[in-house]
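To start, the structure under review is shown below, and the notes come after it.
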Amino acid sequence: MLRDWAEIAQSASIILASVFAIYGIDAWRREFIGKRRMELAEEALALFYQARDVIESIRSPLGYVGEGQTRKATPDERPEDKDALDQAFVLVERYNRHIETFSRIHALRYRFMAQLGVDAGKPFSELNSIVNELLLSSRQMARLLTRRERTFRSDSDIEKHHQEMEKVDAVFYRGSAEDPIAPRVDSAVAQLEHTCKGIIESRGTLFSLFNKRL
């Protein structure tokens with residue numbers, strides 16, 4: 001009888017040891033994944049903060065001597081259009097100086113979605129859309145600034161041109177009363193903050209956070 005109880009106790013101790021070993025491995029795995037998510041969230045949020053500042057700077061209405069002159073002229077370019085085309089190129093030139101920031105954000109997007117889900121990638125898509133719209137505004141600005149007056153056949157053509165310039169100008173430069181870009185940038189950053197802060201601020205409650213996702 002005692003021998004049977006000893007065998008039962010030994011079996012129970014083996015089972016308990018196995019359970020604790022499995023729990024320990026699982027806890028380590030959760031903590032490891034949690035740490036990776038925290039690092040990813042911190043990196044993404046820092047880059048978005050940086051991108052917001054960059055977008056604000058590249059849209060600055062303040063110009064500097066020599067800006068826009070890295071633009072390569074086309075063979076059919078009119079000499080009288082050079083200043084206007086250089087002016088329109090300033091935004092692209094400023095963007096190019098910070099292109100690494102946006103490249104890092106683009107590369108991080110897929111890791112972010114893989115870790116946190118497809119919906120978590122929406123701020124990345126919005127930021128990319130904003131950048132593309134800014135670059136497009138540079139091309140539109142170049143077209144509008146070099147349009148010849150003789151192409152305006154009526155007052156309505158002049159008014160239409162003026163309205164197009166105002167619309168493009170509001171995207172190209174920051175500071176207008178109805179800025180279409182800055183609120184979108186702030187919204188994208190706020191969305192990412194909502195996702196990342198929940199991860200970053202949960203350092204003391206890793207298991208309660210990640211048990212829901214693993």
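Chain identifiers are assigned as A, B, and so on, following the order in which chains appear in the structure tokens; residues are numbered from 1 within each chain, and ligands are numbered from 1 in order of appearance.
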Q | For Arg111 of chain A: contacts at 12 Å, only C-alpha atoms, fewer than 3 positions along chain excluded, given as a VMD selection string | A | chain A and resid 36 to 37 39 to 41 43 to 44 104 to 108 114 to 118 120 to 121 124
Dump of N, CA and C atoms for the selected residues, as an mmCIF file, in the first residue's frame:
```cif
data_model
loop_
_atom_site.group_PDB
_atom_site.id
_atom_site.type_symbol
_atom_site.label_atom_id
_atom_site.label_comp_id
_atom_site.auth_asym_id
_atom_site.auth_seq_id
_atom_site.Cartn_x
_atom_site.Cartn_y
_atom_site.Cartn_z
ATOM 1 N N ARG A 36 9.595 42.199 -27.788
ATOM 2 C CA ARG A 36 9.736 42.542 -29.209
ATOM 3 C C ARG A 36 8.646 43.519 -29.638
ATOM 4 N N ARG A 37 7.436 43.320 -29.151
ATOM 5 C CA ARG A 37 6.343 44.221 -29.505
ATOM 6 C C ARG A 37 6.563 45.608 -28.924
ATOM 7 N N GLU A 39 9.477 47.007 -28.301
ATOM 8 C CA GLU A 39 10.545 47.639 -29.083
ATOM 9 C C GLU A 39 10.011 48.109 -30.432
ATOM 10 N N LEU A 40 9.152 47.288 -31.048
ATOM 11 C CA LEU A 40 8.559 47.648 -32.331
ATOM 12 C C LEU A 40 7.667 48.874 -32.183
ATOM 13 N N ALA A 41 6.865 48.902 -31.121
ATOM 14 C CA ALA A 41 5.967 50.032 -30.883
ATOM 15 C C ALA A 41 6.753 51.315 -30.635
ATOM 16 N N GLU A 43 9.807 52.022 -31.664
ATOM 17 C CA GLU A 43 10.462 52.431 -32.908
ATOM 18 C C GLU A 43 9.464 53.094 -33.854
ATOM 19 N N ALA A 44 8.295 52.473 -34.005
ATOM 20 C CA ALA A 44 7.281 53.011 -34.917
ATOM 21 C C ALA A 44 6.813 54.386 -34.466
ATOM 22 N N ARG A 104 12.306 53.876 -43.768
ATOM 23 C CA ARG A 104 12.266 53.053 -42.556
ATOM 24 C C ARG A 104 10.825 52.808 -42.108
ATOM 25 N N ILE A 105 9.999 53.836 -42.224
ATOM 26 C CA ILE A 105 8.591 53.683 -41.866
ATOM 27 C C ILE A 105 7.908 52.692 -42.790
ATOM 28 N N HIS A 106 8.191 52.783 -44.085
ATOM 29 C CA HIS A 106 7.590 51.867 -45.055
ATOM 30 C C HIS A 106 8.009 50.424 -44.780
ATOM 31 N N ALA A 107 9.280 50.219 -44.454
ATOM 32 C CA ALA A 107 9.776 48.870 -44.170
ATOM 33 C C ALA A 107 9.187 48.339 -42.869
ATOM 34 N N LEU A 108 8.954 49.226 -41.906
ATOM 35 C CA LEU A 108 8.433 48.818 -40.599
ATOM 36 C C LEU A 108 6.953 48.437 -40.674
ATOM 37 N N ALA A 114 2.313 42.381 -39.137
ATOM 38 C CA ALA A 114 2.531 40.973 -38.806
ATOM 39 C C ALA A 114 2.411 40.738 -37.308
ATOM 40 N N GLN A 115 2.864 41.689 -36.505
ATOM 41 C CA GLN A 115 2.824 41.555 -35.049
ATOM 42 C C GLN A 115 1.468 41.944 -34.458
ATOM 43 N N LEU A 116 0.832 42.972 -35.035
ATOM 44 C CA LEU A 116 -0.335 43.561 -34.379
ATOM 45 C C LEU A 116 -1.618 43.528 -35.198
ATOM 46 N N GLY A 117 -1.546 42.997 -36.408
ATOM 47 C CA GLY A 117 -2.757 42.886 -37.220
ATOM 48 C C GLY A 117 -2.815 43.905 -38.345
ATOM 49 N N VAL A 118 -3.619 43.592 -39.360
ATOM 50 C CA VAL A 118 -3.705 44.429 -40.553
ATOM 51 C C VAL A 118 -4.232 45.834 -40.225
ATOM 52 N N ALA A 120 -3.763 47.599 -37.715
ATOM 53 C CA ALA A 120 -2.728 48.420 -37.086
ATOM 54 C C ALA A 120 -1.872 49.138 -38.116
ATOM 55 N N GLY A 121 -1.942 48.695 -39.369
ATOM 56 C CA GLY A 121 -1.146 49.309 -40.429
ATOM 57 C C GLY A 121 -1.810 50.506 -41.086
ATOM 58 N N PHE A 124 0.087 53.822 -41.192
ATOM 59 C CA PHE A 124 1.195 53.759 -42.149
ATOM 60 C C PHE A 124 0.694 54.061 -43.554
#
```
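Of the listed residues A:Ile55, A:Lys122, A:Ser187, A:Phe112, the one whose atoms come nearest to Glu42 of chain A is A:Phe112, with distances taken using only C-alpha atoms.
Considering only C-alpha atoms, the residue among A:Arg52, A:Lys35, A:Lys72, A:His161 positioned nearest to Leu85 of chain A is A:Lys72.
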**Q.** Best match for closeness to Ser138 of chain A among A:Phe172, A:Phe152, A:Tyr110, A:Tyr95, counting only C-alpha atoms
**A.**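 Looking at the shortest contact to Ser138 of chain A, the residue is A:Phe172.
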